[in-house]
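Engineer: Handing over work-v2.txt, compact mmCIF, C-alpha atoms.
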# COMPACT_ATOMS: atom_id res chain seq x y z
CA MET P 12 0.00 0.00 0.00
CA PRO P 13 1.49 3.35 -0.90
CA ILE P 14 1.90 5.50 2.18
CA PRO P 15 1.67 9.26 1.61
CA ASP P 16 5.03 11.00 1.95
CA PHE P 17 3.85 13.19 4.81
CA ILE P 18 2.93 10.11 6.86
CA THR P 19 6.27 8.44 6.10
CA GLU P 20 7.97 11.58 7.43
CA LEU P 21 5.77 11.63 10.55
CA ARG P 22 6.50 7.95 11.18
CA ARG P 23 10.25 8.73 11.19
CA HIS P 24 9.57 10.79 14.33
CA VAL P 25 6.75 8.94 16.08
CA GLY P 26 7.28 5.33 15.01
CA THR P 27 4.08 3.31 15.23
CA ALA P 28 2.39 5.67 17.74
CA PRO P 29 -1.27 6.38 16.97
CA LEU P 30 -1.89 9.11 14.41
CA TRP P 31 -5.08 11.14 14.03
CA LEU P 32 -5.67 11.36 10.27
CA THR P 33 -8.32 12.75 7.97
CA GLY P 34 -9.91 10.39 5.46
CA ALA P 35 -12.43 10.57 2.65
CA THR P 36 -14.75 7.90 1.30
CA ALA P 37 -16.25 8.21 -2.18
CA VAL P 38 -19.56 6.41 -2.67
CA VAL P 39 -19.75 6.79 -6.44
CA LEU P 40 -23.21 6.29 -7.94
CA ARG P 41 -24.46 5.98 -11.49
CA GLU P 42 -27.80 5.04 -12.99
CA VAL P 43 -28.00 1.98 -15.21
CA ASP P 44 -31.41 1.16 -16.68
CA GLY P 45 -33.01 3.44 -14.09
CA ARG P 46 -31.35 1.65 -11.16
CA PRO P 47 -28.60 3.07 -8.96
CA HIS P 48 -25.26 1.29 -9.14
CA VAL P 49 -22.39 1.71 -6.66
CA LEU P 50 -18.68 1.69 -7.53
CA LEU P 51 -16.70 -0.68 -5.31
CA VAL P 52 -13.09 -1.82 -5.26
CA ARG P 53 -11.81 -5.09 -3.89
CA ARG P 54 -9.06 -3.98 -1.54
CA ALA P 55 -5.61 -5.51 -1.88
CA ASP P 56 -5.00 -5.38 1.88
CA SER P 57 -8.08 -7.37 2.92
CA GLY P 58 -9.54 -8.85 -0.27
CA ARG P 59 -12.90 -7.30 0.74
CA TRP P 60 -15.11 -5.05 -1.37
CA ALA P 61 -15.45 -1.42 -0.26
CA PRO P 62 -16.12 2.04 -1.65
CA VAL P 63 -13.04 4.02 -2.63
CA SER P 64 -11.34 5.68 0.32
CA GLY P 65 -8.10 7.45 1.07
CA ILE P 66 -6.11 9.81 3.25
CA VAL P 67 -6.51 13.55 2.81
CA ASP P 68 -3.18 15.18 1.91
CA PRO P 69 -2.11 18.24 3.93
CA GLY P 70 -3.99 21.28 2.63
CA GLU P 71 -6.30 19.18 0.42
CA HIS P 72 -10.05 19.53 0.72
CA PRO P 73 -11.68 16.18 1.58
CA HIS P 74 -14.03 16.28 -1.44
CA VAL P 75 -10.99 16.65 -3.70
CA THR P 76 -9.48 13.60 -2.00
CA ALA P 77 -12.62 11.58 -2.77
CA GLU P 78 -12.48 12.57 -6.44
CA ARG P 79 -8.70 12.03 -6.71
CA GLU P 80 -8.79 8.63 -5.03
CA THR P 81 -11.63 7.48 -7.30
CA LEU P 82 -9.54 8.26 -10.37
CA GLU P 83 -6.35 6.77 -8.91
CA GLU P 84 -7.87 3.56 -7.55
CA ALA P 85 -10.65 2.81 -10.03
CA CYS P 86 -9.90 4.87 -13.19
CA VAL P 87 -13.29 6.59 -12.87
CA VAL P 88 -13.97 10.33 -12.96
CA ALA P 89 -16.52 11.32 -10.33
CA VAL P 90 -17.75 14.53 -8.74
CA ALA P 91 -18.49 14.78 -5.03
CA GLU P 92 -22.02 16.16 -4.82
CA ARG P 93 -22.86 15.89 -1.15
CA LEU P 94 -21.18 15.29 2.18
CA ALA P 95 -23.30 12.44 3.52
CA TRP P 96 -21.67 11.71 6.89
CA VAL P 97 -18.74 12.64 9.13
CA SER P 98 -17.57 9.97 11.57
CA VAL P 99 -14.59 8.75 13.55
CA THR P 100 -13.35 5.26 12.78
CA GLU P 101 -12.32 2.66 15.27
CA PRO P 102 -8.53 2.58 15.76
CA VAL P 103 -6.72 0.70 12.99
CA THR P 104 -3.51 -1.26 13.42
CA TYR P 105 -1.77 -2.06 10.15
CA ASP P 106 0.33 -5.16 9.45
CA ASN P 107 3.53 -3.15 10.01
CA GLY P 108 2.33 -2.03 13.47
CA ASP P 109 1.40 1.52 12.49
CA ARG P 110 -1.72 2.74 14.31
CA ALA P 111 -4.22 5.41 13.24
CA THR P 112 -7.73 6.67 13.80
CA TYR P 113 -9.51 8.54 11.02
CA LEU P 114 -11.96 11.41 10.85
CA ASP P 115 -13.82 10.12 7.80
CA HIS P 116 -15.83 12.28 5.38
CA THR P 117 -18.24 10.12 3.37
CA PHE P 118 -19.28 11.74 0.09
CA ALA P 119 -22.09 10.82 -2.28
CA CYS P 120 -20.41 11.17 -5.66
CA ARG P 121 -21.78 11.18 -9.19
CA TRP P 122 -20.08 9.13 -11.90
CA VAL P 123 -18.95 11.35 -14.78
CA SER P 124 -16.90 9.07 -17.04
CA GLY P 125 -14.69 6.03 -17.27
CA GLU P 126 -15.22 2.34 -16.77
CA PRO P 127 -13.88 0.81 -13.56
CA ALA P 128 -10.42 -0.69 -13.76
CA VAL P 129 -7.63 -1.27 -11.28
CA GLY P 130 -5.63 1.94 -11.17
CA ASP P 131 -2.99 1.18 -8.53
CA ASP P 132 -1.76 -1.53 -6.19
CA GLU P 133 -4.40 -0.70 -3.54
CA SER P 134 -7.14 -2.55 -5.46
CA LEU P 135 -7.51 -6.01 -6.97
CA GLU P 136 -10.75 -5.30 -8.86
CA ALA P 137 -13.09 -2.38 -9.50
CA ARG P 138 -16.67 -2.49 -10.72
CA PHE P 139 -20.18 -1.12 -10.37
CA PHE P 140 -22.80 -3.19 -8.53
CA PRO P 141 -26.57 -2.66 -8.43
CA ALA P 142 -27.33 -0.88 -5.14
CA ASP P 143 -29.83 -3.60 -4.27
CA ASP P 144 -27.35 -6.42 -4.96
CA LEU P 145 -24.05 -5.45 -3.33
CA PRO P 146 -21.42 -8.00 -2.36
CA ASP P 147 -20.65 -8.60 1.31
CA LEU P 148 -19.05 -5.44 2.73
CA PRO P 149 -17.45 -4.81 6.11
CA ASP P 150 -20.08 -3.21 8.38
CA GLU P 151 -18.50 0.25 8.43
CA PHE P 152 -18.23 0.40 4.63
CA ALA P 153 -21.77 -0.94 4.20
CA ALA P 154 -22.98 1.83 6.51
CA ARG P 155 -21.14 4.46 4.44
CA VAL P 156 -22.82 3.19 1.28
CA ARG P 157 -26.23 3.23 2.99
CA VAL P 158 -25.93 6.84 4.17
CA ALA P 159 -24.83 7.98 0.71
CA LEU P 160 -27.70 6.11 -0.95
CA ALA P 161 -30.21 7.54 1.53
CA GLY P 162 -30.02 10.90 -0.23
CA ARG P 163 -30.58 13.00 2.88
CA ALA P 164 -30.01 16.70 2.27
CA GLU P 165 -28.33 17.24 5.63
CA THR P 166 -24.98 15.77 6.65
CA GLY P 167 -25.02 13.15 9.40
CA PHE P 168 -22.54 13.25 12.26
CA GLY P 169 -21.32 10.72 14.78
CA PRO P 170 -21.25 6.95 14.61
CA LEU P 171 -22.61 5.56 11.36
CA PRO P 172 -26.06 3.99 11.71
CA GLY P 173 -25.70 0.28 12.42
CA THR P 174 -22.08 0.47 13.62
CA PRO P 175 -20.67 0.80 17.13
CA GLY P 176 -18.66 3.92 16.16
CA ARG P 177 -16.62 5.94 18.60
CA SER P 178 -17.91 8.29 21.23
CA ALA P 179 -16.13 11.23 22.74
For the structure just supplied, provide its representation as structure tokens.
Structural biologist:
Amino acid sequence: MPIPDFITELRRHVGTAPLWLTGATAVVLREVDGRPHVLLVRRADSGRWAPVSGIVDPGEHPHVTAERETLEEACVVAVAERLAWVSVTEPVTYDNGDRATYLDHTFACRWVSGEPAVGDDESLEARFFPADDLPDLPDEFAARVRVALAGRAETGFGPLPGTPGRSA
């Protein structure tokens, strides 16, 4: 998994100590025959399907991260149309011992162009699935897809519905 340069530099100083990072999730939607379809990638780290997600670079707006990561990981151009939810993830410990917790911004994005394809070494597959026939997703990613599909005008905050989430 490519680690952003700024995190590599931080890790030189703090080792595997927990980092507080900002993340973005892109739930990319497109209509096919009048039905919503969701872009998912099969992650190289877990082999599980999930929406595109990534770490926000210093100074980058989270919606730009969602759009950038969609192009990098799945070769699809998408536009973030709505911030669906803001939540804090459970702490993550990576295989190398690095630890992080993320402030995630889940965006409902609209497909603009491109057919899904693996764009980097973070994904094994990329494809659109009918929203009513998604593969098995980890609970937190399934919740992110649900809140984006719900189409609420207002942004949700706190633990994602149906997940334990983190409390202050």
Engineer: Out of P:Glu126, P:Val87, P:Thr117, P:Glu136, which residue has the shortest atom-to-atom distance to Val99 (chain P) when counting all atoms listed in the file?
Structural biologist: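 Counting all atoms listed in the file, the residue closest to Val99 (chain P) is P:Thr117.
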Engineer: In the coordinate frame of the file, compute which residues have an atom within 12 Å of (-25.5, 3.5, 13.6) when using only C-alpha atoms, and state them as number ranges by chain.
Structural biologist: P: 96, 98, 150-155, 157-158, 167-178
Engineer: How close does each residue of region 97-179 of chain P get to region 61-79 of chain P, giving the shortest atom pair and distance in Å to one decimal for every residue with an atom at most 8 Å away, counting only C-alpha atoms, sorted by chain and residue number, as a Markdown table?
Structural biologist:
| residue | atom | partner | partner_atom | distance |
| --- | --- | --- | --- | --- |
| P:His116 | CA | P:Pro73 | CA | 6.8 |
| P:Phe118 | CA | P:His74 | CA | 7.1 |
| P:Leu148 | CA | P:Ala61 | CA | 6.2 |
| P:Pro149 | CA | P:Ala61 | CA | 7.5 |
| P:Phe152 | CA | P:Ala61 | CA | 5.9 |
| P:Ala153 | CA | P:Ala61 | CA | 7.8 |
| P:Val156 | CA | P:Pro62 | CA | 7.4 |
Engineer: As an exercise, work out the distance from CA of Arg54 (chain P) to CA of Asp132 (chain P) in Å and give it to one decimal place.
Structural biologist: 9.0 Å
Engineer: Excluding Arg41 (chain P) and any residue of its chain fewer than 4 positions from it, enumerate the residues within 12 Å of it, using all atoms listed in the file, and give them as a ChimeraX atom specification.
Structural biologist: /P:45-51,87-90,119-127,138-142,160
Engineer: What are the centre and edge lengths in Å, to one decimal, of the axis-aligned box around all listed atoms of region 154-170 of chain P with 5 Å added on each side, as AutoDock Vina command-line options?
Structural biologist:
--center_x -25.9 --center_y 9.5 --center_z 6.9 --size_x 19.4 --size_y 25.4 --size_z 25.7
Engineer: Let me make sure I understand: among P:Pro102, P:Pro146, P:Pro13, P:Gly26, which one has the smallest atom-to-atom distance to Val52 (chain P) if we use only C-alpha atoms?
Structural biologist: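 Of P:Pro102, P:Pro146, P:Pro13, P:Gly26, the one nearest Val52 (chain P) is P:Pro146, counting only C-alpha atoms.
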Engineer: Please, what distance in Å, to one decimal, runs between CA of Glu92 (chain P) and CA of Ala128 (chain P)?
Structural biologist: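 One can read the CA of Glu92 (chain P) to CA of Ala128 (chain P) distance as 22.3 Å.
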Engineer: Need to verify the contact set: Leu30 (chain P), 10 Å, only C-alpha atoms, exclusion of same-chain residues closer than 5 positions in sequence. Can you return it as an NGL selection string?
Structural biologist: :P and (18 or 21-22 or 25 or 102-103 or 109-113)
Engineer: Let me make sure I understand: among P:Ala85, P:Leu32, P:Val38, P:Ile14, which one has the smallest atom-to-atom distance to Val129 (chain P) if we use all atoms listed in the file?
Structural biologist: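 That would be P:Ala85, the residue with the smallest distance to Val129 (chain P).
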Engineer: What does the distance between CA of Val43 (chain P) and CA of Arg163 (chain P) come to in Å, to one decimal place?
Structural biologist: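 So the two atoms, CA of Val43 (chain P) and CA of Arg163 (chain P), lie 21.3 Å apart.
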Engineer: I need the residue nearest Thr81 (chain P) from this list: P:Gly130, P:Gly108, P:Gly58, P:Pro29. Use only C-alpha atoms for the distance.
Structural biologist: P:Gly130
Engineer: So, with all atoms listed in the file as the atoms that count, which of P:Asp16, P:Glu101, P:Leu114, P:Leu135 lies closest to Thr36 (chain P)?
Structural biologist: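 Smallest separation from Thr36 (chain P) among the options: P:Leu114.
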Engineer: Of the residues P:Gly162, P:Thr27, P:Asp44, P:Leu94, which is the one nearest to Asn107 (chain P), using only C-alpha atoms?
Structural biologist: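 Among the listed residues, the smallest separation from Asn107 (chain P) belongs to P:Thr27.
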